[in-house]
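Undergrad: Take a look at model27.csv, CSV, C-alpha atoms:
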chain,number,residue,atom,x,y,z
A,1,MET,CA,18.4,-45.8,80.3
A,2,GLY,CA,18.9,-43.8,83.4
A,3,LYS,CA,16.7,-43.2,86.4
A,4,ILE,CA,13.2,-41.8,85.7
A,5,ARG,CA,13.0,-38.2,86.8
A,6,HIS,CA,10.9,-35.1,86.4
A,7,LEU,CA,11.7,-32.8,83.5
A,8,SER,CA,12.4,-29.2,84.3
A,9,GLU,CA,9.6,-26.7,83.6
A,10,THR,CA,11.7,-25.1,80.9
A,11,THR,CA,12.2,-28.4,79.1
A,12,ILE,CA,8.5,-29.2,79.4
A,13,ASN,CA,7.6,-25.8,77.8
A,14,ARG,CA,10.0,-26.3,75.0
A,15,ILE,CA,8.5,-29.7,74.2
A,16,ALA,CA,5.1,-28.2,74.3
A,17,ALA,CA,6.3,-25.4,72.0
A,18,GLY,CA,6.9,-28.0,69.3
A,19,GLU,CA,3.1,-28.5,69.2
A,20,VAL,CA,1.9,-25.0,69.8
A,21,VAL,CA,4.6,-23.0,68.0
A,22,GLU,CA,5.5,-24.4,64.6
A,23,ARG,CA,6.3,-21.2,62.8
A,24,PRO,CA,5.8,-17.4,63.2
A,25,SER,CA,2.2,-17.6,61.9
A,26,SER,CA,1.4,-19.9,64.8
A,27,VAL,CA,2.6,-17.2,67.3
A,28,VAL,CA,0.5,-14.6,65.4
A,29,LYS,CA,-2.6,-16.8,65.6
A,30,GLU,CA,-2.2,-17.5,69.4
A,31,LEU,CA,-1.6,-13.8,70.3
A,32,VAL,CA,-4.3,-12.4,68.1
A,33,GLU,CA,-6.8,-15.0,69.5
A,34,ASN,CA,-5.8,-14.0,73.0
A,35,ALA,CA,-6.5,-10.4,72.2
A,36,LEU,CA,-9.9,-11.2,70.9
A,37,ASP,CA,-10.7,-13.3,74.0
A,38,ALA,CA,-9.7,-10.2,76.0
A,39,GLY,CA,-12.4,-8.2,74.2
A,40,ALA,CA,-10.2,-6.2,71.9
A,41,THR,CA,-11.8,-4.0,69.2
A,42,LYS,CA,-8.5,-2.9,67.8
A,43,ILE,CA,-5.5,-5.2,67.1
A,44,GLU,CA,-2.2,-4.2,65.5
A,45,ILE,CA,0.3,-6.9,64.4
A,46,ILE,CA,3.9,-5.8,63.7
A,47,LEU,CA,6.4,-8.2,62.0
A,48,GLU,CA,10.1,-8.0,61.1
A,49,GLN,CA,11.7,-10.5,58.8
A,50,ALA,CA,8.4,-12.4,58.5
A,51,GLY,CA,8.2,-12.7,62.3
A,52,LYS,CA,11.5,-14.4,62.7
A,53,ASN,CA,13.1,-11.3,64.3
A,54,LEU,CA,10.0,-9.7,65.8
A,55,ILE,CA,6.3,-10.3,66.4
A,56,THR,CA,4.5,-7.6,68.3
A,57,VAL,CA,0.7,-7.7,68.9
A,58,ILE,CA,-0.9,-4.7,70.5
A,59,ASP,CA,-4.6,-4.7,71.6
A,60,ASN,CA,-7.0,-2.5,73.5
A,61,GLY,CA,-8.6,-5.4,75.4
A,62,CYS,CA,-9.2,-5.8,79.1
A,63,GLY,CA,-5.5,-6.2,80.0
A,64,ILE,CA,-3.8,-8.4,82.6
A,65,HIS,CA,-3.6,-7.4,86.2
A,66,LYS,CA,-0.2,-7.0,87.8
A,67,ASP,CA,-0.7,-10.0,90.1
A,68,ASP,CA,-1.7,-12.2,87.1
A,69,LEU,CA,1.3,-11.6,85.0
A,70,HIS,CA,3.5,-14.2,86.7
A,71,ILE,CA,0.6,-16.7,86.5
A,72,ALA,CA,-0.2,-16.0,82.8
A,73,ILE,CA,3.2,-17.3,81.7
A,74,GLN,CA,2.9,-20.6,83.6
A,75,ARG,CA,1.5,-23.7,81.9
A,76,HIS,CA,-2.1,-24.6,82.2
A,77,THR,CA,-3.2,-21.3,83.6
A,78,THR,CA,-6.2,-19.7,82.0
A,79,SER,CA,-9.2,-17.5,82.8
A,80,LYS,CA,-11.3,-19.0,80.0
A,81,LEU,CA,-12.1,-22.6,81.0
A,82,ASN,CA,-14.8,-23.6,83.5
A,83,GLU,CA,-13.5,-26.9,85.0
A,84,ASP,CA,-17.0,-28.0,85.8
A,85,ASP,CA,-18.0,-27.7,82.2
A,86,ILE,CA,-14.9,-28.3,80.1
A,87,MET,CA,-16.9,-29.1,76.9
A,88,ASN,CA,-18.5,-25.7,76.8
A,89,ILE,CA,-15.7,-23.8,75.1
A,90,SER,CA,-16.7,-20.5,73.6
A,91,SER,CA,-13.3,-18.8,73.7
A,92,PHE,CA,-10.4,-19.3,71.3
A,93,GLY,CA,-7.8,-20.2,73.9
A,94,PHE,CA,-8.4,-22.5,76.9
A,95,ARG,CA,-5.4,-24.8,77.5
A,96,GLY,CA,-3.1,-22.2,79.0
A,97,GLU,CA,-0.1,-23.3,77.0
A,98,ALA,CA,0.5,-20.6,74.4
A,99,LEU,CA,2.4,-17.9,76.4
A,100,PRO,CA,4.7,-20.3,78.3
A,101,SER,CA,5.5,-22.3,75.2
A,102,ILE,CA,6.3,-19.1,73.2
A,103,GLY,CA,8.3,-17.7,76.0
A,104,SER,CA,10.4,-20.9,76.3
A,105,VAL,CA,11.8,-20.5,72.7
A,106,SER,CA,12.0,-16.8,72.3
A,107,ARG,CA,12.6,-13.5,74.1
A,108,MET,CA,9.1,-12.4,75.2
A,109,GLU,CA,8.0,-9.2,76.8
A,110,ILE,CA,4.5,-8.7,78.0
A,111,ILE,CA,3.3,-5.2,79.0
A,112,SER,CA,-0.3,-4.8,80.1
A,113,ARG,CA,-2.6,-2.3,81.8
A,114,ALA,CA,-5.9,-3.5,83.0
A,115,LYS,CA,-9.0,-1.3,82.7
A,116,ASP,CA,-9.2,-0.6,86.4
A,117,SER,CA,-5.4,-0.1,86.9
A,118,GLU,CA,-3.6,3.2,87.3
A,119,PHE,CA,-0.4,1.8,85.9
A,120,ALA,CA,0.9,-0.7,83.3
A,121,TYR,CA,3.2,-3.6,84.3
A,122,GLY,CA,5.5,-5.8,82.3
A,123,ILE,CA,7.3,-9.1,82.6
A,124,TYR,CA,10.2,-10.5,80.5
A,125,VAL,CA,10.8,-14.1,79.6
A,126,GLU,CA,14.0,-15.3,77.9
A,127,GLY,CA,14.2,-18.9,76.8
A,128,GLY,CA,11.9,-19.8,79.7
A,129,ALA,CA,13.8,-17.8,82.3
A,130,VAL,CA,11.2,-15.5,83.9
A,131,GLY,CA,12.0,-12.0,85.2
A,132,GLU,CA,10.4,-9.8,87.8
A,133,VAL,CA,7.2,-7.9,87.2
A,134,LYS,CA,8.0,-4.2,86.8
A,135,GLU,CA,6.1,-1.0,86.3
A,136,SER,CA,5.9,0.1,82.7
A,137,VAL,CA,4.1,2.5,80.4
A,138,LEU,CA,1.1,1.6,78.1
A,139,ASN,CA,-2.4,2.7,77.4
A,140,TYR,CA,-5.2,0.3,78.4
A,141,GLY,CA,-4.7,-3.1,76.8
A,142,THR,CA,-1.7,-5.4,76.2
A,143,ARG,CA,1.4,-5.4,74.1
A,144,ILE,CA,3.3,-8.6,73.6
A,145,SER,CA,6.6,-8.6,71.8
A,146,ILE,CA,8.4,-11.8,70.7
A,147,ARG,CA,12.0,-11.4,69.6
A,148,ASP,CA,14.4,-14.0,68.1
A,149,LEU,CA,11.9,-16.8,67.7
A,150,PHE,CA,13.4,-20.2,68.2
A,151,PHE,CA,16.8,-18.8,69.4
A,152,ALA,CA,16.6,-21.3,72.3
A,153,THR,CA,15.9,-24.2,69.9
A,154,PRO,CA,18.0,-23.3,66.8
A,155,ALA,CA,17.2,-26.6,65.1
A,156,ARG,CA,13.6,-25.4,64.6
A,157,LEU,CA,14.9,-22.5,62.5
A,158,LYS,CA,16.1,-24.9,59.9
A,159,PHE,CA,12.5,-26.0,59.2
A,160,LEU,CA,11.2,-22.5,58.5
A,161,ARG,CA,10.5,-21.6,54.9
A,162,SER,CA,11.6,-18.4,53.1
A,163,ASP,CA,10.5,-15.0,54.5
A,164,LYS,CA,8.0,-14.7,51.7
A,165,THR,CA,6.3,-18.0,52.5
A,166,GLU,CA,6.3,-17.4,56.3
A,167,LEU,CA,4.9,-13.9,55.8
A,168,ALA,CA,2.2,-15.3,53.5
A,169,ALA,CA,1.2,-17.7,56.2
A,170,SER,CA,0.8,-14.9,58.8
A,171,ILE,CA,-1.2,-12.8,56.3
A,172,ASP,CA,-3.5,-15.8,55.7
A,173,ILE,CA,-4.1,-16.3,59.4
A,174,VAL,CA,-5.0,-12.6,60.0
A,175,ARG,CA,-7.3,-12.6,57.0
A,176,LYS,CA,-9.2,-15.6,58.3
A,177,ILE,CA,-9.4,-14.4,61.9
A,178,SER,CA,-10.5,-10.9,60.8
A,179,MET,CA,-13.2,-12.4,58.5
A,180,ALA,CA,-14.8,-13.9,61.6
A,181,ASN,CA,-14.5,-10.8,63.6
A,182,PRO,CA,-15.7,-7.8,61.4
A,183,THR,CA,-16.4,-5.5,64.4
A,184,CYS,CA,-12.7,-5.5,65.3
A,185,GLU,CA,-10.1,-3.3,63.5
A,186,PHE,CA,-7.0,-5.1,62.3
A,187,THR,CA,-3.6,-3.7,61.1
A,188,LEU,CA,-0.7,-5.8,59.9
A,189,VAL,CA,2.7,-4.2,59.4
A,190,HIS,CA,5.8,-5.9,58.0
A,191,ASN,CA,9.2,-4.2,57.9
A,192,ASP,CA,7.5,-0.8,58.4
A,193,LYS,CA,5.1,-1.4,55.5
A,194,THR,CA,1.4,-1.7,56.1
A,195,LEU,CA,0.1,-4.8,54.4
A,196,LEU,CA,-3.4,-5.0,55.8
A,197,LYS,CA,-5.6,-2.3,57.2
A,198,LEU,CA,-9.1,-3.5,58.0
A,199,VAL,CA,-11.4,-1.0,59.7
A,200,ALA,CA,-14.1,-2.2,62.0
A,201,VAL,CA,-17.4,-2.8,60.2
A,202,GLU,CA,-20.9,-3.7,61.2
A,203,ASP,CA,-21.6,-6.7,59.1
A,204,LEU,CA,-19.9,-9.7,57.5
A,205,GLN,CA,-20.5,-8.6,53.9
A,206,GLN,CA,-18.5,-5.4,54.4
A,207,ARG,CA,-15.5,-7.3,55.8
A,208,ILE,CA,-15.7,-9.8,53.0
A,209,THR,CA,-15.6,-7.0,50.5
A,210,HIS,CA,-12.5,-5.6,52.1
A,211,ILE,CA,-10.7,-8.9,52.1
A,212,ILE,CA,-11.8,-10.7,49.0
A,213,GLY,CA,-13.2,-7.9,46.9
A,214,GLU,CA,-16.4,-6.4,45.7
A,215,ASP,CA,-16.3,-8.7,42.6
A,216,PHE,CA,-16.8,-11.7,44.8
A,217,VAL,CA,-19.8,-10.2,46.6
A,218,ARG,CA,-21.4,-9.3,43.2
A,219,ASN,CA,-20.7,-12.8,41.8
A,220,SER,CA,-21.9,-14.8,44.8
A,221,THR,CA,-25.0,-16.0,46.5
A,222,SER,CA,-25.8,-15.8,50.2
A,223,LEU,CA,-26.2,-18.9,52.2
A,224,SER,CA,-28.6,-19.3,55.1
A,225,ALA,CA,-29.8,-22.7,56.3
A,226,GLN,CA,-30.6,-24.4,59.6
A,227,ARG,CA,-31.2,-28.1,60.4
A,228,GLU,CA,-31.7,-29.2,64.0
A,229,ASP,CA,-28.7,-27.8,66.0
A,230,ILE,CA,-26.6,-26.7,63.0
A,231,GLU,CA,-26.7,-23.3,61.3
A,232,ILE,CA,-24.9,-22.5,58.0
A,233,ILE,CA,-24.5,-18.9,56.8
A,234,GLY,CA,-22.1,-17.1,54.4
A,235,TYR,CA,-21.5,-16.6,50.7
A,236,THR,CA,-20.3,-18.8,47.9
A,237,SER,CA,-19.5,-17.8,44.3
A,238,LEU,CA,-21.5,-18.4,41.2
A,239,PRO,CA,-19.9,-21.1,39.0
A,240,THR,CA,-18.7,-18.4,36.5
A,241,TYR,CA,-16.6,-16.9,39.3
A,242,ASN,CA,-13.8,-19.3,40.3
A,243,ARG,CA,-10.1,-19.7,41.1
A,244,ALA,CA,-7.3,-22.0,40.1
A,245,THR,CA,-6.7,-22.9,43.8
A,246,SER,CA,-8.8,-23.3,46.9
A,247,GLU,CA,-6.9,-20.6,48.8
A,248,ASP,CA,-10.0,-18.3,48.8
A,249,GLN,CA,-12.2,-20.9,50.6
A,250,PHE,CA,-12.8,-19.7,54.1
A,251,LEU,CA,-14.5,-22.2,56.4
A,252,PHE,CA,-15.4,-21.6,60.0
A,253,ILE,CA,-16.9,-23.6,62.8
A,254,ASN,CA,-18.2,-21.5,65.7
A,255,ASN,CA,-16.1,-18.6,64.3
A,256,ARG,CA,-12.9,-20.7,64.4
A,257,PRO,CA,-11.1,-20.9,61.0
A,258,VAL,CA,-10.7,-24.6,60.1
A,259,LYS,CA,-9.1,-26.8,57.4
A,260,ASP,CA,-11.2,-29.9,57.1
A,261,LYS,CA,-11.0,-32.4,54.3
A,262,LEU,CA,-14.6,-33.5,54.7
A,263,LEU,CA,-16.0,-29.9,54.4
A,264,SER,CA,-13.7,-29.1,51.5
A,265,ALA,CA,-14.8,-32.3,49.7
A,266,ALA,CA,-18.5,-31.4,50.3
A,267,LEU,CA,-17.9,-28.0,48.8
A,268,ARG,CA,-16.2,-29.5,45.8
A,269,VAL,CA,-19.0,-32.1,45.3
A,270,ALA,CA,-21.6,-29.3,45.3
A,271,TYR,CA,-19.9,-27.7,42.3
A,272,LEU,CA,-19.0,-31.0,40.6
A,273,ASP,CA,-21.5,-30.6,37.7
A,274,VAL,CA,-20.7,-26.9,37.0
A,275,LEU,CA,-17.0,-26.5,37.5
A,276,SER,CA,-14.1,-28.4,35.9
A,277,ARG,CA,-11.7,-30.3,38.1
A,278,ASP,CA,-9.0,-27.7,38.0
A,279,ARG,CA,-11.2,-24.8,39.1
A,280,PHE,CA,-12.4,-24.0,42.6
A,281,PRO,CA,-15.3,-21.9,44.0
A,282,VAL,CA,-14.7,-18.9,46.3
A,283,SER,CA,-16.6,-19.4,49.5
A,284,VAL,CA,-17.0,-17.9,53.0
A,285,ILE,CA,-19.0,-20.4,55.1
A,286,PHE,CA,-19.7,-20.3,58.8
A,287,ILE,CA,-21.1,-23.4,60.5
A,288,ASN,CA,-22.5,-22.6,63.9
A,289,THR,CA,-23.5,-25.3,66.4
A,290,ASP,CA,-23.5,-26.1,70.1
A,291,PRO,CA,-19.9,-26.2,71.5
A,292,TYR,CA,-20.7,-29.6,73.0
A,293,PHE,CA,-20.7,-31.0,69.4
A,294,VAL,CA,-17.3,-29.7,68.5
A,295,ASP,CA,-13.9,-31.2,69.4
A,296,VAL,CA,-11.7,-28.0,69.2
A,297,ASN,CA,-8.6,-30.2,69.1
What does this structure look like when you write it as structure tokens?
TA:
Amino acid sequence: MGKIRHLSETTINRIAAGEVVERPSSVVKELVENALDAGATKIEIILEQAGKNLITVIDNGCGIHKDDLHIAIQRHTTSKLNEDDIMNISSFGFRGEALPSIGSVSRMEIISRAKDSEFAYGIYVEGGAVGEVKESVLNYGTRISIRDLFFATPARLKFLRSDKTELAASIDIVRKISMANPTCEFTLVHNDKTLLKLVAVEDLQQRITHIIGEDFVRNSTSLSAQREDIEIIGYTSLPTYNRATSEDQFLFINNRPVKDKLLSAALRVAYLDVLSRDRFPVSVIFINTDPYFVDVN
């Protein structure tokens, strides 16, 4: 063992990227959630080779000011967390790790134009090396392009699955996030082919119809319950309408899509007497509670 020393910022970001950026769908999730936190009502996701070659997310949110671009790609910088009340988390992002982590393992370009800015500005990050902020061209909002994901950490590429599997993971993420945000328009394009086109709608039932189908709405019952500080709303299928897998079970806590064994088990137990073991209900369930009761980690 040698002398203890500080790791470089680039190395730190690449280590962090191992936790934040596991695969292309992880990048899609982080960038789309950032767009929603920016107040976007229209989000377009463009992928090439399932995101391995290119991931671009374009939004019409509030944008990033010129002076904030350099800060935005540094670790633990965020506009979303009140340090005096760190348990009150109402946004998707709050750690300030996503952009620097992504930029450390890819070629990342951010172009943004704030609502009150006359011009757009961009910054380029390649494998953690940060360029200068330069004037650019863009309508109001932000466009982030991620090229050659994991080029700086090629060992990570070996752990990626087939393009079909990686693309399916990104589609699943967008479906879930869009389910919780029906008033935002979502478009997902892969290799110049539009795979998802979800127009902005006024209520949850319309978005559910677009994503799962009208058959589900006709063969489901609405949920609405409240006990103390917990509210549960959504739709769940009648026993006669079921699936061979649990893929069409959408569970959310405070609008965050979650995978939770306890919640999945509770749903399974609820249908235990009316469904065989190899069949699963279709459900869209939102659990809303005070942020203080939720560990977002």
Undergrad: At a cut-off of 6 Å, using all atoms listed in the file, what residues contact Val282 (chain A)? Leave out same-chain residues fewer than 3 positions from it and give the result as a PyMOL selection string.
TA: chain A and resi 236-237+248-249
Undergrad: Please provide as a PyMOL selection string all residues within 12 Å of Leu263 (chain A), with the sequence filter that same-chain residues fewer than 3 positions apart are discarded (counting all atoms listed in the file).
TA: chain A and resi 249-253+258-260+266-270+283+285-287
Undergrad: Please determine, counting all atoms listed in the file, which residue among A:Val284, A:Ala265, A:Leu188, A:Val217 has the shortest atom-to-atom distance to Ile233 (chain A).
TA: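 Ranking A:Val284, A:Ala265, A:Leu188, A:Val217 by distance to Ile233 (chain A), first place goes to A:Val284.
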Undergrad: Counting all atoms listed in the file, which of A:Val199, A:Pro281, A:Val28, A:Asp215 gets nearest to Phe186 (chain A)?
TA: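 Distance minimum relative to Phe186 (chain A) lands on A:Val199.
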Undergrad: Quick one: residues within 6 Å of region 156-164 of chain A, all atoms listed in the file counted, chain neighbours fewer than 3 positions away excluded, as a PyMOL selection string?
TA: chain A and resi 50+153+167
Undergrad: Counting all atoms listed in the file, figure out which residue out of A:Asp67, A:Glu166, A:Glu33, A:Asp148 gets nearest to Ser117 (chain A).
TA: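 Counting all atoms listed in the file, the residue closest to Ser117 (chain A) is A:Asp67.
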Undergrad: Which residue, A:Ser104, A:Thr194, A:Ser112, A:Gln205, has the smallest gap to Gly141 (chain A) when you use all atoms listed in the file?
TA: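 Ranked by minimum distance to Gly141 (chain A), first place goes to A:Ser112.
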Undergrad: Could you add N, CA, C and O atoms to region 145-157 of chain A and give me the result as an mmCIF file, in the frame of the given file?
TA:
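out-v3.cif, freshly written:
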data_model
loop_
_atom_site.group_PDB
_atom_site.id
_atom_site.type_symbol
_atom_site.label_atom_id
_atom_site.label_comp_id
_atom_site.auth_asym_id
_atom_site.auth_seq_id
_atom_site.Cartn_x
_atom_site.Cartn_y
_atom_site.Cartn_z
ATOM 1 N N SER A 145 5.585 -8.644 72.788
ATOM 2 C CA SER A 145 6.600 -8.600 71.800
ATOM 3 C C SER A 145 7.450 -9.918 71.879
ATOM 4 O O SER A 145 7.914 -10.280 72.970
ATOM 5 N N ILE A 146 7.592 -10.580 70.746
ATOM 6 C CA ILE A 146 8.400 -11.800 70.700
ATOM 7 C C ILE A 146 9.565 -11.574 69.767
ATOM 8 O O ILE A 146 9.420 -11.328 68.568
ATOM 9 N N ARG A 147 10.755 -11.623 70.353
ATOM 10 C CA ARG A 147 12.000 -11.400 69.600
ATOM 11 C C ARG A 147 12.767 -12.709 69.451
ATOM 12 O O ARG A 147 12.743 -13.550 70.341
ATOM 13 N N ASP A 148 13.455 -12.821 68.320
ATOM 14 C CA ASP A 148 14.400 -14.000 68.100
ATOM 15 C C ASP A 148 13.681 -15.292 68.330
ATOM 16 O O ASP A 148 14.109 -16.111 69.150
ATOM 17 N N LEU A 149 12.614 -15.517 67.600
ATOM 18 C CA LEU A 149 11.900 -16.800 67.700
ATOM 19 C C LEU A 149 12.761 -17.966 67.450
ATOM 20 O O LEU A 149 13.523 -17.974 66.484
ATOM 21 N N PHE A 150 12.689 -18.958 68.303
ATOM 22 C CA PHE A 150 13.400 -20.200 68.200
ATOM 23 C C PHE A 150 14.943 -20.040 68.508
ATOM 24 O O PHE A 150 15.723 -20.941 68.191
ATOM 25 N N PHE A 151 15.343 -18.905 69.107
ATOM 26 C CA PHE A 151 16.800 -18.800 69.400
ATOM 27 C C PHE A 151 17.199 -19.853 70.425
ATOM 28 O O PHE A 151 18.355 -20.290 70.420
ATOM 29 N N ALA A 152 16.274 -20.275 71.275
ATOM 30 C CA ALA A 152 16.600 -21.300 72.300
ATOM 31 C C ALA A 152 16.528 -22.705 71.739
ATOM 32 O O ALA A 152 17.000 -23.650 72.371
ATOM 33 N N THR A 153 15.923 -22.871 70.569
ATOM 34 C CA THR A 153 15.900 -24.200 69.900
ATOM 35 C C THR A 153 16.246 -23.980 68.441
ATOM 36 O O THR A 153 15.403 -24.082 67.553
ATOM 37 N N PRO A 154 17.523 -23.693 68.175
ATOM 38 C CA PRO A 154 18.000 -23.300 66.800
ATOM 39 C C PRO A 154 17.653 -24.351 65.742
ATOM 40 O O PRO A 154 17.540 -24.006 64.569
ATOM 41 N N ALA A 155 17.503 -25.613 66.132
ATOM 42 C CA ALA A 155 17.200 -26.600 65.100
ATOM 43 C C ALA A 155 15.860 -26.344 64.445
ATOM 44 O O ALA A 155 15.658 -26.681 63.269
ATOM 45 N N ARG A 156 14.942 -25.709 65.189
ATOM 46 C CA ARG A 156 13.600 -25.400 64.600
ATOM 47 C C ARG A 156 13.735 -24.363 63.493
ATOM 48 O O ARG A 156 12.911 -24.343 62.566
ATOM 49 N N LEU A 157 14.734 -23.496 63.552
ATOM 50 C CA LEU A 157 14.900 -22.500 62.500
ATOM 51 C C LEU A 157 15.146 -23.083 61.151
ATOM 52 O O LEU A 157 14.769 -22.504 60.123
#
